[in-house]
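**Q** First, the structure itself, so that you have it in front of you.
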Amino acid sequence: MILRRKICSTTTSLTKIPFNSCSSHNYRDHNTLHVLTNEQGGMLKFLAFSKLVSPKFTSSLSKFCFVRNPSYLVRNYCSVDKPNEWTEDIEYLDESGQVIFSGKGTRSVQPGLDDHVMVGGLKKPILNASAVAKIIEVVNRWKWGPELETQLDKLQFVPNMTHVTQALKVVKDSDAALSLFQWCKRKAWYTSNDECFAMIFDYLNKSNKFEEIQLLFDEMVRDSSGNGNLSFSSCNRVIQYLAKAEKLEVSFCCFKKIQDSGYKLDTQTYNSLITLFLNKGLPYKAFEIYEGMEAANCSMDASTYELMIPSLAKSGRLDAAFKLFQEMKLKSFRPGLNVFASLVDSMGKAGRLDTSMKVYMEMRGDGLRPSVIMYVSLVESHVKAGKLDASLKLWDEMKKAGFRPNFGLYTLVVESHAKSGKLDVALSLFTEMEKAGFLPTPSTYSCLLEMHAASGQVDAAMKLYNSMTNAGLKPGLSTYTTLLTLLASKKLLDVAAKILLEMKTMGYSVDVSASDVLMVYIKDSSVDHALRWLRFMGSSGIRTNNFIIRQLFESCMKSGLYEQAKPLLETYVNSAAKVDLILYTSILAHLVRCQDEQNERHLMSILSATKHKAHAFMCGLFTGPEQRKQPVLSFVREFFQGIDYEMEEGAARFYVNVLLNYLVLMGQINRARCVWKVSYENKLFPKAIVFDQQIAWSLDVRNLSVGAALIAVVHTLHRFRKRMLYYGVIPRRIKLVTGPTLKIVIAQMLSSVDSPFEVSKVVLRAPGDSVMEWFKKPIVQQFLLNEIPSKADILMHKLNILFPSSAPEIRSLSPPKPLIGGGKAM
């Protein structure tokens, strides 16, 4: 077959072109065949119809046809206002030269720029379905990359956004879809399309390509900055996808970009962000998002309430949570179990039990069944608030609902009832706990044991202890301490010893616990039990401290057990403990009161065992000047100079009082006067003697012992006598402030020498002139110079009976208050 061309406007010879010399080049669609002509090489372009030309014809075209001198053929594109047509007729000939078909030729279609195809001489628009199908075919074949873009550029029609949108709905590959979208964005006909962005983000999210989502989002925001046209649904999708993928920083950054651009977000997006921050443990950031949601007037749905109410409640913002709860109901949203549970739990833990129970009853009214966690929360909150009766009702309701209390709840309820003193209920629940298969903890045992011990129930406490050890549990240190204290208070020494040895076997250090038991016996004045317990401690290799040894020693001294006291003191001294002046003085005070010769020997040996310097001083007082090698006054002054008055001032006053008692009883009046004089010089009794010019002279002996008061009166009156006789100074009156205890003793002593002093409630007073005349009597002079007459001797002998009732009782390390001196002397 030969194809013949005939030029209509000119006369030319017919050019015959063999059919087999042509080739097919490209297809517009399935009904047409294009034969392209190269202008420079003389190639012609033919249009043939497959319906008129046989398949053999269309398949056998293998080469282009060349025509010489084709310069008169000028091609213009469809984009020109008046496209030129070909001025030739096309005839199709068979092999014999017969005309099969003839028709007017037209200009070809330019690929990628025209929106139609040529059917004969007619322009036929491209169908959308055909365009979309062609795009899908190309995309599915080439997927992505430069080759895909090359093939898309060769499309013989101009696509639009509708074609691309429909194609994206069919393309399932995310890379191919993204490549197609990026290609169309570079075209002049591209317009921003919310639906396209949404589909691309959907594809990327399904493929977990979150970095590509972020990059595309940034590109979308950047492109919209010029025209202000930002895709609403796409922005929300981006934030939701990133939030669900827990890309916290990226999603929040996208959120802030959209907010800063002035665009609104939908409720679902806010919910996604709130959920993300809550899952990341950032409730306050979630609250910030929620507040931004309120500020944007974005309506909240049921999901928002379900998210915010529990988080607000758990963070302690109960009022805000309850307000949202009320608002949720006003909007006819039905709260879920999680909302009720969070409010019940948080209100209960905050102590707002009325509100908690109100929400609980409302939940029951809505037909919701409480969970076991809610029951546990209600019971715990009522127990911790001290409402044990209400907690037991909830406890029973919980069991009736078919829920089994857990181990922690059993422990809490048992211990709370035990600590509140409801031991019967606690034991009942404890037994129920054991039957339920829960092994109580040492803490639970200890709590019950301590409460029974506090109530003095020894049998119940021992039963619990045996049950605990039989269960293989190791009692805690507090359990042993409580039990030992109870046994000690009940004087069950043997049982306490057994428990202490078991405690030692368990690996505990028992020294402190054993010492505590010893202190219990000492405080109860059970000296015999204390001594027995101390012997048990020694035989078991358990040591105690020096403080307790001293306390036991003083208890023995107080009980008159001098033989048992001396070994304790020797132990105390041999352990390098220091016997202070107070302890020595307290032993001396026992000697002053002692009236049994045998006990006096024990006390003297105890004083010697103290090895205190005060004992050497006292022994030196009773020796002669030849042995001391110095006068008494110098010897006393030397001893008092060695006292640290900053540390031992109170102890020194206590010692002077007791020592003067002892010296007076022993008849050592001159030595006693020296001790008083030196102690006054060292200001141990600064306000004892007061000279108020010529108005009044006074002596205050209220803070002195009997012996010290007597010596102070004699010595001071002698001083007043010398001052009045030698210097001629006579005061209006002289007072002796004695107090109710010493008033009788001093009055009797002075009445033996006919003193002018009158006795009132607590003072002995006399006019100065009368005292002056009294001082002139020889008997008074002898009395004041220690030449005491027989009546005074009898009085001094009676002091031995008066001392026990007047001497201070010392049983502590601190000196008695009456021995603390006042201000300066006048």
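Convention: chains lettered A, B, ... in structure tokens order; per-chain residue numbering from 1; ligands numbered from 1 as shown.
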Leaving out range 335-351 of chain A and any residue of its chain fewer than 3 positions from it, which residues lie within 8 Å of it when counting only C-alpha atoms, given as a ChimeraX atom specification?

**A** /A:306,309-310,313-314,316,318,321-322,325,328-329,355-357,359-360,363,368,370,374,377-378,381-382,385

**Q** Store the residues of this selection in a file with N, CA and C atoms, as a PDB file, in the first residue's frame.

**A**
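The resulting file, result39.pdb, is reproduced below:
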ATOM      1  N   GLU A 306     -13.181  13.834  79.207  1.00  0.00           N
ATOM      2  CA  GLU A 306     -12.651  12.571  79.724  1.00  0.00           C
ATOM      3  C   GLU A 306     -11.143  12.662  79.954  1.00  0.00           C
ATOM      4  N   ILE A 309     -10.668  16.079  83.098  1.00  0.00           N
ATOM      5  CA  ILE A 309     -11.165  15.917  84.470  1.00  0.00           C
ATOM      6  C   ILE A 309     -10.250  15.004  85.291  1.00  0.00           C
ATOM      7  N   PRO A 310      -9.887  13.809  84.797  1.00  0.00           N
ATOM      8  CA  PRO A 310      -8.970  12.972  85.599  1.00  0.00           C
ATOM      9  C   PRO A 310      -7.606  13.607  85.826  1.00  0.00           C
ATOM     10  N   ALA A 313      -7.888  16.377  88.398  1.00  0.00           N
ATOM     11  CA  ALA A 313      -8.129  15.800  89.726  1.00  0.00           C
ATOM     12  C   ALA A 313      -6.851  15.213  90.304  1.00  0.00           C
ATOM     13  N   LYS A 314      -6.119  14.474  89.493  1.00  0.00           N
ATOM     14  CA  LYS A 314      -4.903  13.823  89.988  1.00  0.00           C
ATOM     15  C   LYS A 314      -3.813  14.829  90.309  1.00  0.00           C
ATOM     16  N   GLY A 316      -4.342  17.659  91.714  1.00  0.00           N
ATOM     17  CA  GLY A 316      -4.742  18.422  92.891  1.00  0.00           C
ATOM     18  C   GLY A 316      -5.630  19.616  92.624  1.00  0.00           C
ATOM     19  N   LEU A 318      -8.716  20.253  92.286  1.00  0.00           N
ATOM     20  CA  LEU A 318     -10.004  19.586  92.463  1.00  0.00           C
ATOM     21  C   LEU A 318     -11.176  20.476  92.092  1.00  0.00           C
ATOM     22  N   ALA A 321     -11.480  20.575  88.390  1.00  0.00           N
ATOM     23  CA  ALA A 321     -11.967  19.288  87.886  1.00  0.00           C
ATOM     24  C   ALA A 321     -13.466  19.133  88.143  1.00  0.00           C
ATOM     25  N   PHE A 322     -13.910  19.524  89.334  1.00  0.00           N
ATOM     26  CA  PHE A 322     -15.329  19.382  89.664  1.00  0.00           C
ATOM     27  C   PHE A 322     -16.182  20.350  88.838  1.00  0.00           C
ATOM     28  N   PHE A 325     -16.617  18.817  85.575  1.00  0.00           N
ATOM     29  CA  PHE A 325     -17.545  17.690  85.729  1.00  0.00           C
ATOM     30  C   PHE A 325     -18.997  18.183  85.647  1.00  0.00           C
ATOM     31  N   MET A 328     -19.701  19.302  82.091  1.00  0.00           N
ATOM     32  CA  MET A 328     -19.880  18.138  81.213  1.00  0.00           C
ATOM     33  C   MET A 328     -21.310  17.619  81.279  1.00  0.00           C
ATOM     34  N   LYS A 329     -21.865  17.568  82.464  1.00  0.00           N
ATOM     35  CA  LYS A 329     -23.238  17.083  82.615  1.00  0.00           C
ATOM     36  C   LYS A 329     -24.242  18.073  82.034  1.00  0.00           C
ATOM     37  N   THR A 355     -17.868  15.177  99.327  1.00  0.00           N
ATOM     38  CA  THR A 355     -17.926  15.302  97.869  1.00  0.00           C
ATOM     39  C   THR A 355     -17.611  13.969  97.199  1.00  0.00           C
ATOM     40  N   SER A 356     -16.627  13.261  97.769  1.00  0.00           N
ATOM     41  CA  SER A 356     -16.258  11.960  97.204  1.00  0.00           C
ATOM     42  C   SER A 356     -17.437  10.991  97.234  1.00  0.00           C
ATOM     43  N   MET A 357     -18.142  10.946  98.357  1.00  0.00           N
ATOM     44  CA  MET A 357     -19.291  10.036  98.472  1.00  0.00           C
ATOM     45  C   MET A 357     -20.456  10.505  97.591  1.00  0.00           C
ATOM     46  N   VAL A 359     -20.193  12.015  94.638  1.00  0.00           N
ATOM     47  CA  VAL A 359     -19.873  11.576  93.272  1.00  0.00           C
ATOM     48  C   VAL A 359     -20.058  10.073  93.149  1.00  0.00           C
ATOM     49  N   TYR A 360     -19.683   9.358  94.199  1.00  0.00           N
ATOM     50  CA  TYR A 360     -19.824   7.900  94.183  1.00  0.00           C
ATOM     51  C   TYR A 360     -21.295   7.485  94.072  1.00  0.00           C
ATOM     52  N   MET A 363     -22.611   8.162  90.625  1.00  0.00           N
ATOM     53  CA  MET A 363     -22.166   7.137  89.687  1.00  0.00           C
ATOM     54  C   MET A 363     -23.043   5.888  89.803  1.00  0.00           C
ATOM     55  N   LEU A 368     -23.569   2.751  86.770  1.00  0.00           N
ATOM     56  CA  LEU A 368     -22.194   2.268  86.605  1.00  0.00           C
ATOM     57  C   LEU A 368     -21.783   1.452  87.823  1.00  0.00           C
ATOM     58  N   PRO A 370     -19.090   0.187  90.422  1.00  0.00           N
ATOM     59  CA  PRO A 370     -17.766   0.603  90.918  1.00  0.00           C
ATOM     60  C   PRO A 370     -16.740  -0.502  90.698  1.00  0.00           C
ATOM     61  N   MET A 374     -11.841   1.607  92.909  1.00  0.00           N
ATOM     62  CA  MET A 374     -12.630   2.666  93.536  1.00  0.00           C
ATOM     63  C   MET A 374     -12.987   2.287  94.975  1.00  0.00           C
ATOM     64  N   SER A 377      -9.955   2.790  97.093  1.00  0.00           N
ATOM     65  CA  SER A 377      -9.721   4.212  97.339  1.00  0.00           C
ATOM     66  C   SER A 377     -10.670   4.762  98.398  1.00  0.00           C
ATOM     67  N   LEU A 378     -11.946   4.380  98.312  1.00  0.00           N
ATOM     68  CA  LEU A 378     -12.923   4.856  99.296  1.00  0.00           C
ATOM     69  C   LEU A 378     -12.596   4.361 100.696  1.00  0.00           C
ATOM     70  N   SER A 381      -9.401   6.194 102.005  1.00  0.00           N
ATOM     71  CA  SER A 381      -9.624   7.599 102.366  1.00  0.00           C
ATOM     72  C   SER A 381     -10.393   7.714 103.677  1.00  0.00           C
ATOM     73  N   HIS A 382     -11.370   6.853 103.902  1.00  0.00           N
ATOM     74  CA  HIS A 382     -12.131   6.911 105.155  1.00  0.00           C
ATOM     75  C   HIS A 382     -11.284   6.435 106.336  1.00  0.00           C
ATOM     76  N   ALA A 385      -8.888   9.156 107.260  1.00  0.00           N
ATOM     77  CA  ALA A 385      -9.593  10.278 107.890  1.00  0.00           C
ATOM     78  C   ALA A 385     -10.107   9.918 109.280  1.00  0.00           C
TER      79      ALA A 385
END

**Q** Find the spatial neighbours of His590 in chain A, counting only C-alpha atoms, within a cut-off of 9 Å - ignore same-chain residues fewer than 3 positions away - and output them as an MDAnalysis selection string.

**A** chainID A and resid 557:558 560 585:587 593:594 600 603

**Q** Export, as a short mmCIF file (atom, residue, chain, number, x, y, z; two decimals), in the first residue's frame, the selected residues with all heavy atoms.

**A**
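out-v3.cif, written as the output of this step:
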data_model
loop_
_atom_site.label_atom_id
_atom_site.label_comp_id
_atom_site.auth_asym_id
_atom_site.auth_seq_id
_atom_site.Cartn_x
_atom_site.Cartn_y
_atom_site.Cartn_z
N MET A 557 21.80 3.34 146.64
CA MET A 557 22.09 4.21 147.77
C MET A 557 20.81 4.70 148.42
O MET A 557 20.68 4.75 149.66
CB MET A 557 22.93 5.40 147.30
CG MET A 557 24.30 5.04 146.80
SD MET A 557 25.41 4.46 148.11
CE MET A 557 25.62 5.95 149.05
N LYS A 558 19.84 5.04 147.59
CA LYS A 558 18.56 5.52 148.13
C LYS A 558 17.82 4.44 148.89
O LYS A 558 17.16 4.71 149.90
CB LYS A 558 17.69 6.03 146.98
CG LYS A 558 16.39 6.66 147.43
CD LYS A 558 15.60 7.20 146.25
CE LYS A 558 14.31 7.84 146.70
NZ LYS A 558 13.53 8.37 145.56
N GLY A 560 19.29 2.08 150.51
CA GLY A 560 20.10 1.63 151.62
C GLY A 560 20.85 0.34 151.34
O GLY A 560 21.37 -0.28 152.28
N THR A 585 29.00 14.36 146.51
CA THR A 585 28.23 15.06 147.54
C THR A 585 26.98 14.28 147.91
O THR A 585 26.58 14.26 149.09
CB THR A 585 27.84 16.47 147.04
OG1 THR A 585 29.01 17.17 146.63
CG2 THR A 585 27.14 17.26 148.12
N SER A 586 26.35 13.63 146.93
CA SER A 586 25.16 12.84 147.24
C SER A 586 25.50 11.67 148.15
O SER A 586 24.72 11.31 149.04
CB SER A 586 24.52 12.34 145.95
OG SER A 586 25.38 11.43 145.28
N ILE A 587 26.69 11.07 147.96
CA ILE A 587 27.12 9.98 148.86
C ILE A 587 27.37 10.54 150.27
O ILE A 587 26.99 9.92 151.29
CB ILE A 587 28.39 9.31 148.30
CG1 ILE A 587 28.12 8.74 146.91
CG2 ILE A 587 28.87 8.20 149.23
CD1 ILE A 587 29.36 8.23 146.20
N ARG A 593 23.01 11.45 156.91
CA ARG A 593 21.75 10.94 157.41
C ARG A 593 21.88 9.59 158.13
O ARG A 593 20.97 9.17 158.82
CB ARG A 593 20.76 10.75 156.24
CG ARG A 593 20.42 12.02 155.51
CD ARG A 593 19.32 11.75 154.50
NE ARG A 593 19.03 12.93 153.70
CZ ARG A 593 19.60 13.22 152.55
NH1 ARG A 593 20.49 12.39 152.04
NH2 ARG A 593 19.29 14.32 151.91
N CYS A 594 22.97 8.93 157.87
CA CYS A 594 23.12 7.57 158.38
C CYS A 594 23.21 7.58 159.92
O CYS A 594 23.91 8.40 160.52
CB CYS A 594 24.36 6.94 157.78
SG CYS A 594 24.62 5.24 158.31
N GLU A 600 27.64 3.28 158.25
CA GLU A 600 28.62 4.36 158.12
C GLU A 600 29.93 3.84 157.57
O GLU A 600 30.58 4.50 156.76
CB GLU A 600 28.84 5.02 159.48
CG GLU A 600 27.71 5.93 159.93
CD GLU A 600 28.01 6.62 161.24
OE1 GLU A 600 29.08 6.34 161.82
OE2 GLU A 600 27.18 7.43 161.67
N LEU A 603 29.50 3.39 153.89
CA LEU A 603 29.47 4.66 153.18
C LEU A 603 30.86 5.29 153.11
O LEU A 603 31.22 5.89 152.09
CB LEU A 603 28.50 5.62 153.88
CG LEU A 603 27.01 5.29 153.69
CD1 LEU A 603 26.15 6.11 154.63
CD2 LEU A 603 26.62 5.56 152.23
#

**Q** Counting only C-alpha atoms, what is within 9 Å of range 493-508 of chain A, bar same-chain residues fewer than 4 positions away, as a PyMOL selection string?

**A** chain A and resi 474-475+477+480+483-488+513-514+517+529+532-533+536-537+540

**Q** To one decimal place, how far is CA of Val714 in chain A from CA of Ala589 in chain A in Å?

**A**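 The value is 22.7 Å.
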
**Q** For Leu307 in chain A, please output as a PyMOL selection string all residues within 9 Å (counting only C-alpha atoms; exclusion window: fewer than 4 positions along the same chain).

**A** chain A and resi 271+274-275+278+302-303+311-312+339

**Q** Could you write out, as a PyMOL selection string, all the residues of range 500-541 of chain A that DSSP marks as alpha helix (DSSP H)?

**A** chain A and resi 500-505+511-523+527-539

**Q** Quick one: of A:Cys674, A:Cys196, A:Val664, A:Val729, who's nearest to Phe691 in chain A, counting only C-alpha atoms?

**A**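 Closest candidate: A:Val729.
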
**Q** Calculate how many Å separate CA of Ala708 in chain A from CA of Lys613 in chain A, rounding to one decimal.

**A**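 For CA of Ala708 in chain A relative to CA of Lys613 in chain A, the distance reads 21.3 Å.
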